[in-house]
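Coordinates as given in query.txt (compact mmCIF, C-alpha atoms):
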# COMPACT_ATOMS: atom_id res chain seq x y z
CA ALA A 16 80.58 191.22 102.53
CA GLU A 17 82.99 191.67 99.64
CA ALA A 18 86.18 189.74 99.03
CA TRP A 19 88.90 189.80 96.39
CA SER A 20 90.91 186.67 95.81
CA ARG A 21 93.32 185.42 93.19
CA GLN A 22 90.27 183.96 91.42
CA GLY A 23 88.38 187.28 91.30
CA LEU A 24 85.70 189.25 93.14
CA ILE A 25 82.85 187.76 95.19
CA SER A 26 80.37 189.94 97.06
CA ILE A 27 77.48 188.78 99.23
CA VAL A 28 74.77 191.03 100.66
CA ALA A 29 72.20 189.36 102.92
CA ASN A 30 69.38 190.42 105.19
CA GLY A 31 66.74 188.56 107.15
CA ALA A 32 65.90 187.12 110.52
CA THR A 33 66.60 183.93 112.42
CA ASP A 34 66.30 182.58 115.93
CA THR A 35 69.25 181.42 118.00
CA THR A 36 68.73 177.76 117.00
CA PHE A 37 68.55 178.55 113.25
CA THR A 38 65.34 176.49 113.13
CA ASN A 39 63.21 179.48 112.07
CA PHE A 40 64.66 181.85 109.51
CA ASN A 41 63.79 184.00 106.52
CA VAL A 42 66.76 185.20 104.50
CA ASN A 43 67.26 187.20 101.30
CA SER A 44 70.72 187.41 99.79
CA ASN A 45 72.42 188.76 96.70
CA ILE A 46 75.58 187.13 95.34
CA ASN A 47 77.75 188.82 92.71
CA THR A 48 80.95 187.71 91.03
CA ARG A 49 83.23 189.65 88.71
CA ASN A 50 85.80 187.86 86.54
CA PHE A 51 85.93 184.97 88.99
CA ASN A 52 88.33 182.45 87.48
CA LEU A 53 86.57 179.10 87.50
CA GLY A 54 89.46 177.53 85.62
CA ARG A 55 91.77 177.91 88.61
CA LEU A 56 89.12 176.53 90.93
CA LEU A 57 87.86 173.59 88.83
CA GLY A 58 90.90 172.91 86.66
CA ALA A 59 92.19 174.25 83.36
CA GLU A 60 91.01 171.12 81.53
CA THR A 61 87.40 172.28 81.92
CA GLY A 62 88.03 175.15 79.50
CA LEU A 63 86.29 177.57 81.86
CA GLY A 64 87.58 181.05 82.58
CA GLY A 65 86.24 184.22 84.17
CA LEU A 66 82.67 184.28 85.52
CA THR A 67 80.63 187.42 86.02
CA ALA A 68 77.18 186.77 87.46
CA HIS A 69 74.56 187.95 89.91
CA LEU A 70 72.14 185.72 91.82
CA ASN A 71 69.30 186.45 94.22
CA LEU A 72 68.53 183.80 96.83
CA GLN A 73 65.52 183.52 99.12
CA ALA A 74 65.27 180.84 101.80
CA LYS A 75 62.90 180.30 104.68
CA GLN A 76 61.97 177.68 107.23
CA THR A 77 59.88 177.40 110.39
CA GLU A 78 59.12 174.64 112.85
CA ALA A 79 55.82 174.06 111.02
CA ILE A 80 57.02 174.62 107.42
CA PRO A 81 60.03 172.72 105.96
CA LEU A 82 62.86 174.47 104.15
CA SER A 83 62.05 176.15 100.84
CA ALA A 84 64.37 178.17 98.64
CA GLN A 85 64.35 180.06 95.34
CA VAL A 86 67.22 181.40 93.29
CA ARG A 87 67.11 183.68 90.26
CA GLY A 88 69.85 185.39 88.39
CA THR A 89 71.91 185.88 85.27
CA ILE A 90 75.33 184.83 84.10
CA ASP A 91 76.45 188.08 82.53
CA GLY A 92 79.61 186.54 81.11
CA LEU A 93 81.39 183.18 81.24
CA GLN A 94 84.54 182.46 79.32
CA TYR A 95 84.56 178.98 77.77
CA LYS A 96 87.66 178.24 75.69
CA GLU A 97 87.67 180.93 72.99
CA GLU A 98 84.01 181.91 73.45
CA THR A 99 82.39 184.27 75.94
CA ILE A 100 78.92 183.05 76.89
CA LYS A 101 76.68 185.96 77.83
CA TYR A 102 73.27 186.58 79.36
CA VAL A 103 72.28 183.12 80.60
CA GLN A 104 69.13 183.34 82.73
CA LEU A 105 68.91 180.94 85.69
CA GLU A 106 66.05 179.95 87.98
CA GLY A 107 65.85 177.24 90.61
CA PHE A 108 63.64 176.17 93.48
CA TYR A 109 63.61 173.68 96.32
CA ASN A 110 60.90 172.57 98.74
CA SER A 111 59.86 169.45 100.60
CA GLN A 112 57.84 168.12 97.64
CA ARG A 113 59.85 169.07 94.57
CA MET A 114 62.99 170.77 93.25
CA GLY A 115 63.89 172.06 89.81
CA ALA A 116 65.84 174.45 87.63
CA THR A 117 65.50 176.39 84.36
CA VAL A 118 68.26 177.67 82.08
CA ASN A 119 67.62 179.99 79.14
CA ALA A 120 70.47 181.19 76.92
CA ASP A 121 70.33 183.23 73.71
CA TRP A 122 73.92 183.41 72.46
CA ARG A 123 75.69 184.46 69.33
CA ILE A 124 76.38 180.78 68.64
CA GLY A 125 72.79 179.57 69.17
CA LYS A 126 69.96 179.17 71.66
CA ILE A 127 69.51 176.70 74.52
CA PHE A 128 66.54 176.25 76.83
CA ALA A 129 66.50 173.53 79.52
CA GLN A 130 64.02 172.87 82.29
CA ALA A 131 63.96 170.00 84.78
CA ASN A 132 62.18 169.17 88.02
CA MET A 133 62.09 166.17 90.33
CA THR A 134 59.86 165.12 93.19
CA GLN A 135 61.32 164.37 96.61
CA ALA A 136 59.78 160.89 96.82
CA LYS A 137 61.87 157.77 97.48
CA VAL A 138 61.26 156.81 93.83
CA PRO A 139 61.11 160.27 92.27
CA ASP A 140 59.25 161.46 89.19
CA ILE A 141 61.57 163.36 86.84
CA ASP A 142 60.39 165.65 84.04
CA PHE A 143 62.65 167.60 81.70
CA ARG A 144 62.59 169.59 78.48
CA VAL A 145 65.49 170.68 76.30
CA ARG A 146 65.38 172.94 73.22
CA ILE A 147 68.46 173.66 71.12
CA ASP A 148 68.20 176.00 68.14
CA THR A 149 70.96 176.30 65.48
CA LEU A 150 73.74 175.81 68.02
CA SER A 151 77.26 175.95 66.60
CA ILE A 152 79.20 172.83 67.63
CA ASP A 153 82.73 174.12 67.00
CA PRO A 154 83.08 175.99 70.34
CA PHE A 155 82.37 172.74 72.22
CA TYR A 156 83.87 170.08 69.97
CA LYS A 157 86.24 170.39 67.03
CA ASN A 158 86.23 167.87 64.18
CA GLU A 159 88.55 168.61 61.29
CA ASN A 160 86.14 166.92 58.87
CA TRP A 161 83.19 169.09 59.81
CA LYS A 162 82.62 172.51 58.25
CA ASN A 163 80.35 174.83 60.24
CA PRO A 164 78.37 172.08 62.06
CA GLN A 165 75.09 173.10 63.71
CA LEU A 166 72.57 171.30 65.88
CA THR A 167 68.83 171.81 66.34
CA MET A 168 66.71 169.49 68.48
CA ALA A 169 63.89 169.17 71.00
CA MET A 170 63.91 166.59 73.79
CA ASN A 171 61.21 165.74 76.32
CA GLY A 172 61.49 163.20 79.12
CA ASN A 173 59.29 161.72 81.82
CA LEU A 174 61.04 159.22 84.05
CA LYS A 175 60.37 157.50 87.34
CA GLY A 176 63.22 156.46 89.59
CA LEU A 177 66.99 156.89 89.64
CA ASP A 178 67.95 153.20 89.78
CA ILE A 179 69.24 152.32 86.28
CA ASP A 180 68.06 148.71 86.71
CA ASN A 181 64.45 149.69 87.43
CA ILE A 182 63.93 153.12 85.90
CA THR A 183 60.76 153.55 83.81
CA GLY A 184 59.49 156.25 81.50
CA THR A 185 59.96 157.77 78.07
CA VAL A 186 62.50 160.07 76.44
CA VAL A 187 61.71 161.47 73.00
CA ILE A 188 64.02 163.47 70.73
CA ASP A 189 62.21 165.26 67.92
CA SER A 190 63.13 167.70 65.17
CA LEU A 191 66.78 166.63 65.28
CA ASP A 192 68.78 168.40 62.59
CA PHE A 193 72.55 167.95 62.64
CA HIS A 194 74.29 169.29 59.56
CA ASP A 195 77.29 171.09 58.17
CA ASP A 196 78.27 172.27 54.71
CA ASN A 197 78.70 168.69 53.45
CA PHE A 198 76.16 166.47 55.24
CA MET A 199 72.69 166.58 56.78
CA ILE A 200 71.33 164.15 59.35
CA LYS A 201 67.58 164.29 60.02
CA PRO A 202 66.59 160.95 61.58
CA GLY A 203 63.09 162.03 62.57
CA LYS A 204 61.67 160.91 65.90
CA ILE A 205 63.97 159.06 68.32
CA ALA A 206 62.31 157.37 71.28
CA LEU A 207 63.58 155.49 74.33
CA GLN A 208 61.03 153.73 76.52
CA ALA A 209 61.49 151.61 79.63
CA GLY A 210 58.89 149.89 81.77
CA LYS A 211 57.14 146.65 82.72
CA ASN A 212 54.45 144.78 80.79
CA ASP A 213 51.31 143.11 82.16
CA ASP A 214 53.34 140.05 83.19
CA ASN A 215 55.73 142.24 85.20
CA ILE A 216 58.53 141.66 82.66
CA LYS A 217 60.93 144.58 82.33
CA TYR A 218 61.72 146.00 78.90
CA ILE A 219 63.69 148.74 77.18
CA ASN A 220 62.82 149.81 73.62
CA PHE A 221 64.86 152.17 71.47
CA ALA A 222 63.50 153.27 68.10
CA SER A 223 64.88 155.49 65.36
CA SER A 224 65.17 155.48 61.58
CA TYR A 225 68.78 154.22 61.86
CA LEU A 226 68.58 151.73 64.70
CA THR A 227 66.02 149.83 66.74
CA ALA A 228 66.90 147.82 69.83
CA ASN A 229 64.90 145.90 72.42
CA ILE A 230 65.69 144.20 75.71
CA ALA A 231 63.11 142.18 77.64
CA GLY A 232 63.40 140.09 80.77
CA GLN A 233 65.27 140.29 84.05
CA TYR A 234 68.21 142.63 83.43
CA MET A 235 70.53 144.10 86.04
CA PHE A 236 73.06 146.44 84.43
CA THR A 237 74.89 147.02 87.70
CA THR A 238 75.91 143.34 87.95
CA ILE A 239 75.91 142.04 84.37
CA GLY A 240 79.61 142.79 83.86
CA ASP A 241 80.64 140.65 86.81
CA GLU A 242 78.13 137.93 85.95
CA PHE A 243 79.38 137.70 82.35
CA THR A 244 82.99 137.59 83.57
CA ASN A 245 82.19 134.69 85.91
CA LEU A 246 80.38 132.82 83.13
CA MET A 247 83.27 133.25 80.69
CA HIS A 248 85.73 132.19 83.40
CA THR A 249 84.44 128.65 82.85
CA TYR A 250 85.73 128.71 79.26
CA LEU A 251 88.67 131.15 79.36
CA PRO A 252 89.92 131.33 82.96
CA ASN A 253 93.23 132.97 82.05
CA ILE A 254 91.45 135.83 80.30
CA PHE A 255 88.38 136.26 82.53
CA GLN A 256 89.29 136.34 86.21
CA GLN A 257 86.46 135.23 88.47
CA THR A 258 85.01 137.91 90.71
CA LYS A 259 83.30 137.37 94.05
CA ARG A 260 81.60 140.75 94.23
CA ILE A 261 78.21 139.17 93.45
CA ARG A 262 76.52 136.38 95.36
CA THR A 263 73.63 135.51 93.02
CA ASP A 264 73.34 135.75 89.23
CA GLN A 265 70.32 137.86 88.28
CA ASN A 266 70.35 138.41 84.50
CA ASN A 267 68.01 136.53 82.17
CA PHE A 268 66.89 138.53 79.15
CA THR A 269 66.52 138.49 75.39
CA PHE A 270 67.71 141.22 73.06
CA SER A 271 67.29 142.22 69.43
CA ILE A 272 69.05 144.88 67.37
CA SER A 273 68.23 146.03 63.86
CA ALA A 274 70.43 148.53 62.02
CA GLN A 275 69.35 150.31 58.84
CA ASN A 276 71.34 151.93 56.03
CA THR A 277 74.07 154.08 57.53
CA GLY A 278 75.19 155.89 54.38
CA GLU A 279 74.36 159.38 55.62
CA LEU A 280 75.80 158.74 59.08
CA ALA A 281 79.07 157.62 57.53
CA ARG A 282 79.52 161.04 55.96
CA ALA A 283 79.60 162.61 59.43
CA PHE A 284 81.04 159.90 61.67
CA PRO A 285 83.84 157.36 61.11
CA LEU A 286 81.99 154.03 61.14
CA PRO A 287 83.87 150.70 61.03
CA VAL A 288 81.60 149.45 58.22
CA ASP A 289 78.77 150.89 56.12
CA ILE A 290 75.49 149.01 56.52
CA MET A 291 73.86 148.95 53.08
CA GLN A 292 70.85 146.73 53.90
CA PRO A 293 69.05 146.16 57.22
CA ALA A 294 71.01 143.90 59.57
CA THR A 295 69.69 142.09 62.65
CA VAL A 296 71.24 140.50 65.72
CA ASN A 297 69.15 138.57 68.26
CA GLY A 298 70.16 136.73 71.35
CA LEU A 299 69.66 135.44 74.87
CA VAL A 300 71.74 136.19 77.96
CA ASN A 301 70.90 133.96 80.91
CA THR A 302 73.62 134.02 83.55
CA ILE A 303 71.34 132.19 85.98
CA ASP A 304 71.28 129.03 83.84
CA LYS A 305 74.65 129.78 82.19
CA LYS A 306 73.28 130.18 78.67
CA ILE A 307 74.27 132.58 75.90
CA THR A 308 73.03 132.50 72.30
CA VAL A 309 73.56 135.03 69.51
CA ASP A 310 72.17 134.89 65.96
CA GLY A 311 73.10 137.46 63.35
CA ASN A 312 71.82 138.08 59.83
CA ILE A 313 73.78 140.76 57.97
CA PRO A 314 72.80 140.86 54.28
CA TYR A 315 75.13 143.57 52.97
CA VAL A 316 77.83 145.79 54.45
CA LYS A 317 80.83 147.54 52.91
CA TYR A 318 84.31 147.70 54.34
CA GLY A 319 86.27 150.08 52.15
CA ASP A 320 86.23 148.54 48.66
CA ILE A 321 85.09 145.14 49.93
CA ASP A 322 81.44 144.10 49.67
CA ILE A 323 80.48 141.69 52.46
CA ARG A 324 77.22 139.91 51.72
CA ASN A 325 74.88 137.35 53.22
CA THR A 326 76.69 137.01 56.52
CA THR A 327 75.09 134.72 59.08
CA ILE A 328 76.41 134.00 62.57
CA HIS A 329 75.30 131.58 65.27
CA ILE A 330 76.95 131.39 68.69
CA ALA A 331 75.84 129.17 71.56
CA ASN A 332 77.56 127.88 74.64
CA GLN A 333 77.51 124.32 75.98
CA ASP A 334 78.62 123.02 79.37
CA SER A 335 82.31 123.15 78.47
CA ALA A 336 82.52 124.74 75.01
CA PHE A 337 81.29 127.50 72.73
CA ASP A 338 79.85 126.50 69.33
CA ILE A 339 80.23 129.01 66.52
CA THR A 340 78.93 128.73 62.95
CA ALA A 341 79.16 131.49 60.35
CA ARG A 342 79.01 132.15 56.64
CA THR A 343 79.87 135.21 54.59
CA GLY A 344 80.73 136.27 51.07
CA LEU A 345 83.36 138.83 50.04
CA LEU A 346 83.34 140.69 46.76
CA ILE A 347 86.68 142.40 46.18
CA ASP A 348 86.90 144.97 43.41
CA LYS A 349 90.08 144.57 41.34
CA GLY A 350 89.18 147.08 38.65
CA SER A 351 86.40 147.76 36.18
CA HIS A 352 86.78 144.41 34.34
CA MET A 353 87.06 141.84 37.08
CA LYS A 354 86.10 141.19 40.68
CA TYR A 355 87.07 138.37 43.02
CA LYS A 356 84.26 136.66 44.87
CA TRP A 357 85.04 134.66 48.03
CA ILE A 358 82.59 132.39 49.83
CA ILE A 359 83.81 131.72 53.37
CA SER A 360 81.95 129.31 55.62
CA LEU A 361 82.87 128.54 59.22
CA VAL A 362 80.92 125.29 59.16
CA SER A 363 81.58 124.60 62.82
CA SER A 364 83.93 125.74 65.51
CA GLN A 365 84.32 124.81 69.14
CA VAL A 366 86.19 126.65 71.87
CA LYS A 367 86.83 124.19 74.68
CA LEU A 368 88.84 124.16 77.88
CA PHE A 369 90.44 120.93 79.13
CA GLU A 370 92.83 120.79 82.06
CA ASP A 371 93.64 124.50 81.77
CA ASN A 372 94.41 124.12 78.04
CA LEU A 373 92.37 125.88 75.41
CA PHE A 374 91.37 123.87 72.33
CA ILE A 375 89.85 125.46 69.24
CA THR A 376 88.47 123.05 66.63
CA SER A 377 87.24 124.58 63.38
CA LEU A 378 86.10 123.47 59.93
CA ILE A 379 86.38 126.24 57.37
CA ASN A 380 85.36 126.15 53.71
CA CYS A 381 86.71 128.83 51.42
CA THR A 382 86.16 129.15 47.66
CA LYS A 383 87.29 131.84 45.25
CA GLU A 384 86.04 132.64 41.77
CA MET A 385 86.16 135.49 39.31
CA THR A 386 83.03 137.33 38.34
CA SER A 387 82.10 140.28 36.17
CA PRO A 388 81.03 143.55 37.75
CA LYS A 389 77.39 142.77 36.95
CA GLU A 390 77.44 139.44 38.80
CA ILE A 391 77.64 140.71 42.33
CA ASN A 392 75.11 138.45 44.05
CA ILE A 393 76.68 136.09 46.55

Would you mind writing the file's structure down as structure tokens?
Amino acid sequence: AEAWSRQGLISIVANGATDTTFTNFNVNSNINTRNFNLGRLLGAETGLGGLTAHLNLQAKQTEAIPLSAQVRGTIDGLQYKEETIKYVQLEGFYNSQRMGATVNADWRIGKIFAQANMTQAKVPDIDFRVRIDTLSIDPFYKNENWKNPQLTMAMNGNLKGLDIDNITGTVVIDSLDFHDDNFMIKPGKIALQAGKNDDNIKYINFASSYLTANIAGQYMFTTIGDEFTNLMHTYLPNIFQQTKRIRTDQNNFTFSISAQNTGELARAFPLPVDIMQPATVNGLVNTIDKKITVDGNIPYVKYGDIDIRNTTIHIANQDSAFDITARTGLLIDKGSHMKYKWIISLVSSQVKLFEDNLFITSLINCTKEMTSPKEINI
């Protein structure tokens, strides 16, 4: 069969055999498109245009053998924004035990190889590999501050399960090289690992040269937003509206985050502050017992021309109030001969609700002194 539409040409040629109940069949088909306008079908915002491709599909099933299928083909041309992507090889398969797909593209703007497969179990095993070689970023994302950005990376993953609250496995990114004419980011190995320890405690660990983060305990990402809202409703009911979508609080975990020097990242991405020395934040979230604690130690960050040093933060909730203590030092550059140094201490602060009125009680110490450019320790 061949059909022209306003989107373009589609032709399908099929042969095979089947019984009258379509329980037993063996079919081979060939599908071709020519300048089929995906933009009209999927929406102009996708950036997709004409598609020219040919695919070969084989499918069979009997009363004794479950459905299995294979597809192979090539995208001869796909318009994406101002680029025409050519010669993308596709393969896919499906059977009662496993399904998967492979994509291999060698374009003018770079190379991409991706392969993934998944078992058909109730809690499936998922394996995937991705290779990207000197891929130009401009056709996919434009940043006026980047000049000829390119990406190279390799990623391997082995996961078990699709439930985000209980998924386990490892994802590793290696050989990451993101650069343009003015910056180069090579963070080395990046690893994400999720699982359970010997005591059946869940954990998630993220490790890289720029950031490490860990979560351990009973975490439920699908409900934590509602649980946190209900907890904060006790203190700020006019801001956090109580939700009844959850019946039982389930989150009780600790977390820790450590960020390293971000100088090179700041050359590529607009960061709110530049972290000059390693900073750490640790805490506890226990919605079951209505407890939240956060402790931060941030030795040195820069915000524009302001040096922010030796910042410490402690936050903890009580039955009817939040306690907050903090200390920081600001070094403000006013020229080559003089700087202003501020020491700001939030000795104690309480956020308390009483009869639907919010009370904030704080004790703040603030001192200012002049210092020479050499005396920058705070």

Would you please work out which residue, of A:Leu246, A:Gly176, A:Asn158, A:Asp121, is nearest to A:Ile141 when using all atoms listed in the file?
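Once distances to A:Ile141 are computed over all atoms listed in the file, the minimum belongs to A:Gly176.
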
Would you compute the distance between atom CA of A:Ile261 and atom CA of A:Ala331? Give it in Å to one decimal.
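Distance between the two atoms: 24.2 Å.
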
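The coordinates place atom CA of A:Pro164 at 18.3 Å from atom CA of A:Gly203.
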
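As for atom CA of A:Asn41 and atom CA of A:Gln73, they are spaced 7.6 Å apart.
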
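Counting all atoms listed in the file, the residue from A:Ala336, A:Ala74, A:Ala116, A:Val288 that sits nearest to A:Ile323 is A:Val288.
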